[in-house]
$ cat final37.txt   # compact mmCIF, C-alpha atoms
# COMPACT_ATOMS: atom_id res chain seq x y z
CA MET F 1 79.09 84.90 91.34
CA GLU F 2 77.49 88.04 92.65
CA ASP F 3 74.57 88.29 95.06
CA GLY F 4 74.53 84.50 95.26
CA LEU F 5 73.77 84.25 91.54
CA CYS F 6 75.94 82.65 88.90
CA ALA F 7 77.27 85.48 86.76
CA GLY F 8 76.70 83.43 83.63
CA CYS F 9 73.30 81.78 84.01
CA HIS F 10 71.81 83.92 86.82
CA ARG F 11 70.66 80.88 88.75
CA THR F 12 71.04 80.53 92.52
CA ILE F 13 73.34 77.89 94.00
CA ASP F 14 70.29 75.91 95.08
CA GLU F 15 68.79 76.07 91.59
CA ILE F 16 72.01 74.85 89.98
CA ALA F 17 72.37 72.02 92.50
CA ARG F 18 68.77 70.87 91.93
CA TRP F 19 68.76 71.38 88.14
CA ALA F 20 69.45 67.81 87.05
CA ARG F 21 66.67 66.30 89.14
CA VAL F 22 63.81 68.81 88.90
CA GLY F 23 62.42 67.68 85.53
CA ASP F 24 61.41 69.82 82.56
CA GLU F 25 58.61 71.63 84.40
CA GLY F 26 60.94 72.49 87.28
CA LYS F 27 63.51 73.76 84.80
CA ARG F 28 60.91 76.00 83.17
CA LEU F 29 60.01 77.48 86.56
CA ILE F 30 63.67 78.22 87.24
CA LEU F 31 64.13 79.75 83.79
CA ALA F 32 61.08 81.95 84.35
CA ALA F 33 62.66 83.21 87.56
CA VAL F 34 65.93 83.75 85.67
CA ALA F 35 64.12 85.81 83.02
CA GLN F 36 62.70 88.08 85.74
CA ARG F 37 66.14 88.50 87.31
CA ARG F 38 67.66 89.37 83.95
CA THR F 39 65.00 91.99 83.34
CA ARG F 40 65.80 93.50 86.74
CA LEU F 41 69.54 93.28 86.22
CA ASP F 42 69.24 94.88 82.76
CA ALA F 43 67.20 97.71 84.28
CA ASP F 44 69.79 98.19 87.03
CA PHE F 45 72.57 98.21 84.46
CA ALA F 46 70.76 100.78 82.32
CA GLY F 47 70.16 102.91 85.41
CA ASN F 48 73.82 102.80 86.37
CA CYS F 49 74.84 103.82 82.87
CA ALA F 50 72.43 106.73 82.95
CA ASP F 51 74.19 108.01 86.06
CA MET U 1 65.50 55.94 84.09
CA LYS U 2 65.64 57.55 87.49
CA LEU U 3 68.75 57.56 89.59
CA PRO U 4 68.60 56.27 93.18
CA ASP U 5 67.99 58.95 95.81
CA SER U 6 71.51 58.39 97.07
CA ILE U 7 72.95 59.88 93.86
CA GLN U 8 72.70 63.57 92.91
CA VAL U 9 74.11 64.92 89.67
CA ILE U 10 75.13 68.56 89.82
CA GLU U 11 75.02 69.64 86.21
CA ARG U 12 77.57 72.31 85.34
CA GLY U 13 78.03 74.50 82.30
CA TRP U 14 79.08 73.41 78.83
CA LEU U 15 82.62 72.01 78.72
CA SER U 16 82.86 71.87 82.48
CA SER U 17 82.69 68.54 84.26
CA ASN U 18 79.52 67.71 86.13
CA ASN U 19 79.81 66.72 89.77
CA VAL U 20 78.14 63.53 90.95
CA LEU U 21 77.38 63.38 94.66
CA PHE U 22 76.79 60.09 96.47
CA PHE U 23 75.11 60.26 99.87
CA GLU U 24 76.39 57.74 102.39
CA GLY U 25 74.68 58.36 105.70
CA GLU U 26 76.48 61.11 107.56
CA SER U 27 79.07 61.52 104.83
CA ALA U 28 79.15 61.82 101.06
CA THR U 29 81.43 61.14 98.10
CA LEU U 30 81.87 63.45 95.12
CA VAL U 31 83.09 62.37 91.70
CA ASP U 32 85.01 65.12 89.89
CA ALA U 33 85.56 68.65 91.05
CA GLY U 34 85.12 71.22 88.25
CA TYR U 35 87.52 73.93 87.07
CA VAL U 36 89.81 75.76 89.48
CA GLY U 37 88.17 79.02 88.39
CA HIS U 38 84.79 77.59 89.41
CA ALA U 39 86.06 76.15 92.69
CA PRO U 40 84.22 78.63 94.98
CA GLN U 41 80.97 77.82 93.20
CA THR U 42 81.67 74.09 93.41
CA VAL U 43 82.23 74.38 97.17
CA GLU U 44 78.96 76.30 97.56
CA LEU U 45 77.08 73.78 95.41
CA VAL U 46 78.33 70.88 97.50
CA LYS U 47 77.47 72.73 100.72
CA SER U 48 73.99 73.43 99.37
CA ALA U 49 73.43 69.81 98.32
CA LEU U 50 74.65 68.53 101.69
CA ALA U 51 72.43 70.98 103.57
CA ALA U 52 69.41 69.94 101.52
CA ARG U 53 70.10 66.35 102.45
CA HIS U 54 69.36 66.51 106.15
CA GLY U 55 71.70 64.33 108.17
CA THR U 56 74.57 64.35 105.69
CA ALA U 57 77.15 66.37 107.55
CA THR U 58 80.13 66.58 105.26
CA LEU U 59 81.98 65.53 102.16
CA GLY U 60 84.21 62.66 103.21
CA ARG U 61 85.70 61.61 99.92
CA LEU U 62 86.47 62.99 96.46
CA ILE U 63 87.15 60.70 93.52
CA ASN U 64 88.45 61.76 90.10
CA THR U 65 87.87 60.07 86.75
CA HIS U 66 90.92 61.64 85.12
CA SER U 67 93.35 64.51 85.43
CA HIS U 68 91.93 67.17 83.16
CA SER U 69 91.50 70.68 84.53
CA ASP U 70 87.71 70.60 84.75
CA HIS U 71 87.87 67.42 86.80
CA ILE U 72 90.67 68.15 89.30
CA GLY U 73 90.56 71.96 89.40
CA GLY U 74 88.35 72.04 92.48
CA ASN U 75 90.20 69.29 94.36
CA ALA U 76 92.33 71.57 96.53
CA ALA U 77 89.42 73.86 97.46
CA LEU U 78 87.14 70.94 98.34
CA GLN U 79 89.91 69.33 100.37
CA ALA U 80 90.57 72.59 102.23
CA THR U 81 86.87 73.16 102.91
CA PHE U 82 85.69 69.70 103.88
CA GLY U 83 88.91 67.88 104.76
CA CYS U 84 87.86 65.12 102.40
CA SER U 85 90.18 62.37 101.28
CA ILE U 86 91.04 62.29 97.56
CA LEU U 87 91.27 59.14 95.47
CA ILE U 88 92.70 59.30 91.95
CA PRO U 89 93.16 56.82 89.10
CA ALA U 90 96.34 54.83 89.73
CA GLY U 91 97.68 55.86 86.33
CA ILE U 92 98.01 59.52 87.31
CA GLU U 93 99.53 58.98 90.76
CA ARG U 94 103.08 59.92 89.77
CA MET U 95 101.89 62.97 87.86
CA VAL U 96 99.85 64.21 90.82
CA ALA U 97 102.52 63.40 93.41
CA GLU U 98 105.17 65.28 91.43
CA TRP U 99 102.62 67.80 90.14
CA ASP U 100 103.81 67.21 86.60
CA THR U 101 101.63 69.80 84.88
CA HIS U 102 102.79 68.68 81.46
CA ALA U 103 101.81 65.05 82.02
CA LEU U 104 98.56 66.17 83.64
CA LEU U 105 97.79 67.92 80.34
CA LEU U 106 97.46 71.25 82.09
CA ASP U 107 100.32 73.02 80.30
CA SER U 108 99.55 71.77 76.81
CA ALA U 109 95.91 72.76 77.15
CA LYS U 110 96.83 76.10 78.74
CA GLN U 111 94.91 75.13 81.85
CA ARG U 112 95.47 75.71 85.55
CA GLY U 113 94.94 73.55 88.59
CA ASP U 114 95.64 74.00 92.28
CA ARG U 115 98.03 71.39 93.57
CA PHE U 116 96.48 68.89 95.94
CA ALA U 117 97.66 65.88 97.92
CA HIS U 118 95.96 62.60 97.12
CA ASP U 119 95.22 60.03 99.80
CA GLY U 120 94.96 56.91 97.69
CA VAL U 121 94.49 55.48 94.24
CA ILE U 122 91.90 53.40 92.43
CA GLU U 123 93.29 50.61 90.29
CA PRO U 124 91.66 49.55 87.02
CA GLY U 125 89.39 46.65 87.90
CA GLY U 126 89.16 47.70 91.51
CA GLU U 127 85.84 47.75 93.33
CA PHE U 128 84.63 50.15 95.97
CA GLU U 129 81.44 51.40 97.62
CA MET U 130 79.69 54.65 96.74
CA GLY U 131 76.19 55.71 97.78
CA GLY U 132 75.42 52.27 99.16
CA HIS U 133 76.31 50.45 95.96
CA THR U 134 79.37 48.65 94.63
CA TRP U 135 81.20 50.29 91.73
CA LYS U 136 83.91 48.82 89.54
CA ALA U 137 86.65 50.93 87.99
CA LEU U 138 87.04 50.26 84.27
CA PRO U 139 89.94 51.59 82.21
CA ALA U 140 88.77 53.95 79.46
CA PRO U 141 91.76 55.30 77.52
CA GLY U 142 90.96 57.58 74.61
CA HIS U 143 89.98 60.97 75.94
CA ASP U 144 92.64 60.54 78.59
CA MET U 145 94.90 57.51 78.50
CA GLU U 146 94.75 56.92 82.27
CA ALA U 147 91.04 57.63 82.69
CA LEU U 148 88.79 55.37 84.69
CA VAL U 149 85.03 55.09 84.42
CA TYR U 150 82.97 53.72 87.28
CA TYR U 151 80.29 51.10 86.68
CA CYS U 152 77.59 49.85 89.05
CA ALA U 153 76.26 46.52 87.78
CA GLU U 154 73.43 46.55 90.33
CA GLN U 155 72.10 49.87 89.05
CA ARG U 156 73.40 49.36 85.49
CA THR U 157 74.79 52.86 85.72
CA LEU U 158 78.10 54.15 84.42
CA ILE U 159 79.90 57.27 85.57
CA SER U 160 81.57 57.82 82.22
CA GLY U 161 83.78 60.82 82.94
CA ASP U 162 84.68 62.24 79.54
CA ALA U 163 85.00 58.82 77.88
CA LEU U 164 81.43 59.17 76.69
CA TRP U 165 79.13 62.16 76.50
CA GLN U 166 75.48 62.52 75.75
CA ASP U 167 74.47 61.09 72.37
CA GLY U 168 77.84 59.40 72.09
CA PHE U 169 79.75 62.60 71.60
CA GLY U 170 83.16 62.99 73.11
CA ILE U 171 86.63 64.18 72.25
CA ILE U 172 89.25 61.53 71.69
CA PHE U 173 92.71 62.79 72.49
CA GLY U 174 94.39 59.43 72.06
CA GLU U 175 95.03 59.93 68.37
CA ILE U 176 96.27 63.45 68.96
CA LEU U 177 98.72 62.01 71.48
CA GLY U 178 99.79 59.29 69.07
CA ARG U 179 98.05 56.49 70.94
CA LYS U 180 96.17 54.61 68.27
CA GLU U 181 94.96 51.98 70.70
CA ALA U 182 92.64 54.50 72.27
CA LEU U 183 89.13 53.36 73.13
CA PRO U 184 88.88 50.01 74.93
CA ALA U 185 86.11 47.49 75.24
CA THR U 186 84.29 49.40 77.94
CA ARG U 187 81.05 48.70 76.09
CA ALA U 188 81.22 45.14 77.39
CA SER U 189 79.73 46.47 80.62
CA SER U 190 76.47 47.31 78.79
CA PRO U 191 75.15 49.95 81.19
CA ALA U 192 71.56 51.12 81.08
CA THR U 193 72.18 54.62 82.34
CA VAL U 194 75.20 56.76 81.70
CA ARG U 195 76.14 59.82 83.70
CA PRO U 196 78.47 61.80 81.51
CA SER U 197 80.74 64.17 83.33
CA THR U 198 80.14 66.79 80.70
CA THR U 199 76.95 67.92 78.94
CA SER U 200 73.37 67.39 79.93
CA THR U 201 72.47 64.51 82.21
CA ALA U 202 69.39 63.26 80.40
CA PRO U 203 69.01 59.48 80.68
CA TRP U 204 70.80 57.55 78.05
CA CYS U 205 70.08 54.21 76.45
CA ALA U 206 72.09 51.04 76.65
CA PRO U 207 72.85 50.62 72.94
CA CYS U 208 74.26 54.12 72.76
CA ALA U 209 76.56 53.40 75.66
CA GLY U 210 78.46 50.88 73.62
CA TRP U 211 80.77 52.45 71.11
CA ASN U 212 82.58 50.69 68.34
CA PRO U 213 86.36 50.68 68.80
CA SER U 214 86.80 50.16 65.08
CA ARG U 215 85.07 53.48 64.46
CA PRO U 216 86.89 55.95 66.67
CA THR U 217 85.03 58.90 65.23
CA ARG U 218 84.14 61.90 67.31
CA ARG U 219 80.51 60.93 67.16
CA ALA U 220 80.92 57.27 67.82
CA SER U 221 77.24 56.46 68.15
CA ALA U 222 75.95 58.61 65.29
CA ALA U 223 75.55 55.59 63.05
CA MET U 224 73.98 53.45 65.74
CA PRO U 225 70.26 54.23 65.87
CA CYS U 226 68.63 52.92 68.97
CA ALA U 227 65.53 53.25 71.07
CA PRO U 228 65.92 55.37 74.18
CA ALA U 229 65.52 53.43 77.39
CA SER U 230 63.21 56.09 78.75
CA PRO U 231 60.08 57.48 77.06
CA SER U 232 61.03 60.91 78.33
CA THR U 233 63.45 62.02 75.67
CA CYS U 234 63.23 65.78 76.01
CA SER U 235 65.77 67.71 77.99
CA THR U 236 66.58 71.32 78.55
CA CYS U 237 70.12 72.52 78.05
CA SER U 238 71.38 74.41 81.06
CA ALA U 239 73.70 76.49 78.90
CA CYS U 240 71.37 77.65 76.12
CA ALA U 241 68.00 76.89 77.77
CA ARG U 242 66.76 75.21 74.60
CA THR U 243 64.67 72.09 74.91
CA SER U 244 65.71 69.32 72.60
CA CYS U 245 63.92 66.09 71.87
CA ARG U 246 65.39 62.93 70.48
CA PRO U 247 63.31 60.58 68.34
CA THR U 248 61.91 57.49 69.98
$ encode --input "final37.txt" --output "structure tokens"
Amino acid sequence: MEDGLCAGCHRTIDEIARWARVGDEGKRLILAAVAQRRTRLDADFAGNCAD
Amino acid sequence: MKLPDSIQVIERGWLSSNNVLFFEGESATLVDAGYVGHAPQTVELVKSALAARHGTATLGRLINTHSHSDHIGGNAALQATFGCSILIPAGIERMVAEWDTHALLLDSAKQRGDRFAHDGVIEPGGEFEMGGHTWKALPAPGHDMEALVYYCAEQRTLISGDALWQDGFGIIFGEILGRKEALPATRASSPATVRPSTTSTAPWCAPCAGWNPSRPTRRASAAMPCAPASPSTCSTCSACARTSCRPT
């Protein structure tokens, strides 16, 4: 875990804890947030490599 | 099938045990503790769930279904963090007390676990309270020969540990260990909802929960078509994010 995110699934602790009870729509919202984080993390990673 | 508000399933990754949290006023009980390598995350998840449940101050008790590494790995960390008592199946008491890593199937599976001290045992057939309901411990040899599953007749809900996974899938180690009598008549309990320790926590139907001891295949329920108890049959996998639907 880094920055409060799971290193594997990029969800927050709160999102993982709530996952089983939020329903499919709630899961989609979380996954949309995860997709944004991954885009940001990928960009950060690419930037670090460029240095 | 919706679980009572007093029960929260914390769904973990593929091939890691889920954690089931039972709220009991100011305290709570957790069933199964995750891998030792995931222990810091398990502690944070329990803290988060407790904080979200205003008025529940701490984890008072931890109960295991069996001794495998993804079920007892977080025991020591949870005990150190919350000071909770730990109850284990009576069949593994000697192994835990002596920390017999071979008998606990840690060595043979190349797994690790932090040693912990247990505070008591649960006998097969024993009854106890969790989350405001009465649960009965049923022996479920097969995946682990000393495993217990916990059944609440009032809620018709079974905490199945690894004895039964979603869609009837599970891994039976009894034959590997030379114990042909693996798989008991746990199906006699006829639960309506099963909370597998591993895999997705989508509601499960009663017919699927009963497996056939004469067919100890790895997909015990594959040949048992049945109607899901809940019309909502779609679930999203936390590991691969795919949504899967089962036929009604």
$ interface_residues --input "final37.txt" --of "chain U" --to "chain F" --cutoff "6 Å" --atoms "all atoms listed in the file" --output "mmCIF file with C-alpha atoms, in the coordinates of the input"
data_model
loop_
_atom_site.group_PDB
_atom_site.id
_atom_site.type_symbol
_atom_site.label_atom_id
_atom_site.label_comp_id
_atom_site.auth_asym_id
_atom_site.auth_seq_id
_atom_site.Cartn_x
_atom_site.Cartn_y
_atom_site.Cartn_z
ATOM 1 C CA ILE U 10 75.130 68.560 89.820
ATOM 2 C CA GLU U 11 75.020 69.640 86.210
ATOM 3 C CA LEU U 45 77.080 73.780 95.410
#
$ atom_distance --input "final37.txt" --atom1 "CA of Ala7 in chain F" --atom2 "CA of Leu106 in chain U"
25.1 Å
$ residues_around --input "final37.txt" --residues "Glu26 in chain U" --least-positions-apart "3" --cutoff "10 Å" --atoms "all atoms listed in the file" --output "PyMOL selection string"
chain U and resi 23+50+53-60
$ closest_residue --input "final37.txt" --among "U:Ser69, U:Ala76, U:Ser16, U:Gly25" --to "Ala109 in chain U" --atoms "all atoms listed in the file"
U:Ser69
$ atom_distance --input "final37.txt" --atom1 "CA of Arg38 in chain F" --atom2 "CA of His10 in chain F"
7.4 Å
$ atom_distance --input "final37.txt" --atom1 "CA of Ala103 in chain U" --atom2 "CA of Asn75 in chain U"
17.5 Å
$ axis_aligned_box --input "final37.txt" --around "range 36-46 of chain F" --padding-each-side "3 Å" --output "lines of an AutoDock Vina configuration file"
center_x = 67.6
center_y = 94.4
center_z = 84.8
size_x = 15.9
size_y = 18.7
size_z = 11.0
$ residues_around --input "final37.txt" --residues "range 86-96 of chain U" --least-positions-apart "6" --cutoff "9 Å" --atoms "all atoms listed in the file" --output "list in words"
Gly60, Arg61, Leu62, Ile63, Asn64, Thr65, His66, Ser67, Asn75, Gln79, His102, Ala103, Leu104, Arg115, Phe116, Ala117, His118, Asp119, Gly120, Val121, Ile122, Glu123, Pro124, Ala137, Met145, Glu146, Ala147 and Leu148 of chain U
$ decode --input "final37.txt" --residues "range 1-28 of chain F" --atoms "N, CA, C and O atoms" --output "PDB file, in the first residue's frame"
ATOM      1  N   MET F   1       0.832  -1.199   0.000  1.00  0.00           N
ATOM      2  CA  MET F   1       0.000   0.000   0.000  1.00  0.00           C
ATOM      3  C   MET F   1       0.869   1.251   0.000  1.00  0.00           C
ATOM      4  O   MET F   1       1.784   1.374   0.769  1.00  0.00           O
ATOM      5  N   GLU F   2       0.557   2.140  -0.922  1.00  0.00           N
ATOM      6  CA  GLU F   2       1.255   3.423  -0.960  1.00  0.00           C
ATOM      7  C   GLU F   2       0.201   4.513  -1.078  1.00  0.00           C
ATOM      8  O   GLU F   2      -0.792   4.358  -1.765  1.00  0.00           O
ATOM      9  N   ASP F   3       0.415   5.610  -0.421  1.00  0.00           N
ATOM     10  CA  ASP F   3      -0.529   6.727  -0.466  1.00  0.00           C
ATOM     11  C   ASP F   3      -1.940   6.292  -0.075  1.00  0.00           C
ATOM     12  O   ASP F   3      -2.924   6.834  -0.574  1.00  0.00           O
ATOM     13  N   GLY F   4      -2.048   5.305   0.794  1.00  0.00           N
ATOM     14  CA  GLY F   4      -3.368   4.846   1.210  1.00  0.00           C
ATOM     15  C   GLY F   4      -4.090   4.011   0.171  1.00  0.00           C
ATOM     16  O   GLY F   4      -5.243   3.646   0.359  1.00  0.00           O
ATOM     17  N   LEU F   5      -3.430   3.717  -0.938  1.00  0.00           N
ATOM     18  CA  LEU F   5      -4.046   2.905  -1.984  1.00  0.00           C
ATOM     19  C   LEU F   5      -3.447   1.506  -1.979  1.00  0.00           C
ATOM     20  O   LEU F   5      -2.261   1.331  -1.726  1.00  0.00           O
ATOM     21  N   CYS F   6      -4.285   0.512  -2.266  1.00  0.00           N
ATOM     22  CA  CYS F   6      -3.766  -0.831  -2.450  1.00  0.00           C
ATOM     23  C   CYS F   6      -2.895  -0.844  -3.700  1.00  0.00           C
ATOM     24  O   CYS F   6      -3.303  -0.355  -4.759  1.00  0.00           O
ATOM     25  N   ALA F   7      -1.697  -1.395  -3.577  1.00  0.00           N
ATOM     26  CA  ALA F   7      -0.765  -1.399  -4.700  1.00  0.00           C
ATOM     27  C   ALA F   7      -1.267  -2.256  -5.852  1.00  0.00           C
ATOM     28  O   ALA F   7      -0.852  -2.083  -6.995  1.00  0.00           O
ATOM     29  N   GLY F   8      -2.161  -3.186  -5.559  1.00  0.00           N
ATOM     30  CA  GLY F   8      -2.656  -4.067  -6.613  1.00  0.00           C
ATOM     31  C   GLY F   8      -3.876  -3.520  -7.335  1.00  0.00           C
ATOM     32  O   GLY F   8      -3.910  -3.455  -8.556  1.00  0.00           O
ATOM     33  N   CYS F   9      -4.877  -3.099  -6.557  1.00  0.00           N
ATOM     34  CA  CYS F   9      -6.160  -2.720  -7.183  1.00  0.00           C
ATOM     35  C   CYS F   9      -6.387  -1.215  -7.181  1.00  0.00           C
ATOM     36  O   CYS F   9      -7.354  -0.744  -7.774  1.00  0.00           O
ATOM     37  N   HIS F  10      -5.515  -0.450  -6.511  1.00  0.00           N
ATOM     38  CA  HIS F  10      -5.591   1.007  -6.490  1.00  0.00           C
ATOM     39  C   HIS F  10      -6.893   1.525  -5.885  1.00  0.00           C
ATOM     40  O   HIS F  10      -7.350   2.616  -6.224  1.00  0.00           O
ATOM     41  N   ARG F  11      -7.477   0.730  -4.996  1.00  0.00           N
ATOM     42  CA  ARG F  11      -8.627   1.227  -4.246  1.00  0.00           C
ATOM     43  C   ARG F  11      -8.162   1.736  -2.881  1.00  0.00           C
ATOM     44  O   ARG F  11      -7.134   1.293  -2.362  1.00  0.00           O
ATOM     45  N   THR F  12      -8.937   2.646  -2.288  1.00  0.00           N
ATOM     46  CA  THR F  12      -8.640   3.106  -0.935  1.00  0.00           C
ATOM     47  C   THR F  12      -9.106   2.040   0.064  1.00  0.00           C
ATOM     48  O   THR F  12      -9.897   1.153  -0.274  1.00  0.00           O
ATOM     49  N   ILE F  13      -8.629   2.158   1.288  1.00  0.00           N
ATOM     50  CA  ILE F  13      -9.065   1.243   2.349  1.00  0.00           C
ATOM     51  C   ILE F  13     -10.588   1.288   2.500  1.00  0.00           C
ATOM     52  O   ILE F  13     -11.259   0.267   2.602  1.00  0.00           O
ATOM     53  N   ASP F  14     -11.127   2.491   2.483  1.00  0.00           N
ATOM     54  CA  ASP F  14     -12.577   2.637   2.635  1.00  0.00           C
ATOM     55  C   ASP F  14     -13.316   1.959   1.485  1.00  0.00           C
ATOM     56  O   ASP F  14     -14.337   1.296   1.687  1.00  0.00           O
ATOM     57  N   GLU F  15     -12.794   2.101   0.265  1.00  0.00           N
ATOM     58  CA  GLU F  15     -13.451   1.479  -0.888  1.00  0.00           C
ATOM     59  C   GLU F  15     -13.407  -0.045  -0.807  1.00  0.00           C
ATOM     60  O   GLU F  15     -14.377  -0.723  -1.163  1.00  0.00           O
ATOM     61  N   ILE F  16     -12.295  -0.590  -0.348  1.00  0.00           N
ATOM     62  CA  ILE F  16     -12.191  -2.048  -0.211  1.00  0.00           C
ATOM     63  C   ILE F  16     -13.152  -2.533   0.873  1.00  0.00           C
ATOM     64  O   ILE F  16     -13.859  -3.524   0.702  1.00  0.00           O
ATOM     65  N   ALA F  17     -13.202  -1.815   1.990  1.00  0.00           N
ATOM     66  CA  ALA F  17     -14.053  -2.230   3.102  1.00  0.00           C
ATOM     67  C   ALA F  17     -15.531  -2.198   2.703  1.00  0.00           C
ATOM     68  O   ALA F  17     -16.309  -3.043   3.118  1.00  0.00           O
ATOM     69  N   ARG F  18     -15.911  -1.219   1.861  1.00  0.00           N
ATOM     70  CA  ARG F  18     -17.325  -1.078   1.485  1.00  0.00           C
ATOM     71  C   ARG F  18     -17.712  -1.948   0.294  1.00  0.00           C
ATOM     72  O   ARG F  18     -18.897  -2.134   0.013  1.00  0.00           O
ATOM     73  N   TRP F  19     -16.725  -2.479  -0.424  1.00  0.00           N
ATOM     74  CA  TRP F  19     -16.938  -3.104  -1.735  1.00  0.00           C
ATOM     75  C   TRP F  19     -18.097  -4.099  -1.762  1.00  0.00           C
ATOM     76  O   TRP F  19     -18.945  -4.081  -2.656  1.00  0.00           O
ATOM     77  N   ALA F  20     -18.143  -4.983  -0.787  1.00  0.00           N
ATOM     78  CA  ALA F  20     -19.114  -6.081  -0.842  1.00  0.00           C
ATOM     79  C   ALA F  20     -20.550  -5.612  -0.622  1.00  0.00           C
ATOM     80  O   ALA F  20     -21.481  -6.347  -0.920  1.00  0.00           O
ATOM     81  N   ARG F  21     -20.739  -4.416  -0.135  1.00  0.00           N
ATOM     82  CA  ARG F  21     -22.110  -3.987   0.171  1.00  0.00           C
ATOM     83  C   ARG F  21     -22.568  -2.804  -0.666  1.00  0.00           C
ATOM     84  O   ARG F  21     -23.677  -2.305  -0.455  1.00  0.00           O
ATOM     85  N   VAL F  22     -21.769  -2.321  -1.617  1.00  0.00           N
ATOM     86  CA  VAL F  22     -22.166  -1.112  -2.338  1.00  0.00           C
ATOM     87  C   VAL F  22     -23.000  -1.400  -3.584  1.00  0.00           C
ATOM     88  O   VAL F  22     -23.536  -0.478  -4.193  1.00  0.00           O
ATOM     89  N   GLY F  23     -23.123  -2.648  -4.000  1.00  0.00           N
ATOM     90  CA  GLY F  23     -23.925  -2.946  -5.186  1.00  0.00           C
ATOM     91  C   GLY F  23     -23.141  -2.684  -6.463  1.00  0.00           C
ATOM     92  O   GLY F  23     -22.055  -2.099  -6.453  1.00  0.00           O
ATOM     93  N   ASP F  24     -23.717  -3.123  -7.588  1.00  0.00           N
ATOM     94  CA  ASP F  24     -23.001  -3.014  -8.862  1.00  0.00           C
ATOM     95  C   ASP F  24     -22.745  -1.555  -9.246  1.00  0.00           C
ATOM     96  O   ASP F  24     -21.670  -1.218  -9.752  1.00  0.00           O
ATOM     97  N   GLU F  25     -23.733  -0.689  -9.024  1.00  0.00           N
ATOM     98  CA  GLU F  25     -23.545   0.714  -9.406  1.00  0.00           C
ATOM     99  C   GLU F  25     -22.434   1.349  -8.567  1.00  0.00           C
ATOM    100  O   GLU F  25     -21.599   2.097  -9.085  1.00  0.00           O
ATOM    101  N   GLY F  26     -22.422   1.045  -7.277  1.00  0.00           N
ATOM    102  CA  GLY F  26     -21.358   1.556  -6.417  1.00  0.00           C
ATOM    103  C   GLY F  26     -19.990   1.046  -6.848  1.00  0.00           C
ATOM    104  O   GLY F  26     -18.997   1.784  -6.808  1.00  0.00           O
ATOM    105  N   LYS F  27     -19.954  -0.216  -7.262  1.00  0.00           N
ATOM    106  CA  LYS F  27     -18.686  -0.785  -7.735  1.00  0.00           C
ATOM    107  C   LYS F  27     -18.213  -0.064  -8.991  1.00  0.00           C
ATOM    108  O   LYS F  27     -17.022   0.211  -9.148  1.00  0.00           O
ATOM    109  N   ARG F  28     -19.157   0.246  -9.881  1.00  0.00           N
ATOM    110  CA  ARG F  28     -18.759   0.954 -11.116  1.00  0.00           C
ATOM    111  C   ARG F  28     -18.194   2.336 -10.795  1.00  0.00           C
ATOM    112  O   ARG F  28     -17.246   2.793 -11.438  1.00  0.00           O
TER     113      ARG F  28
END
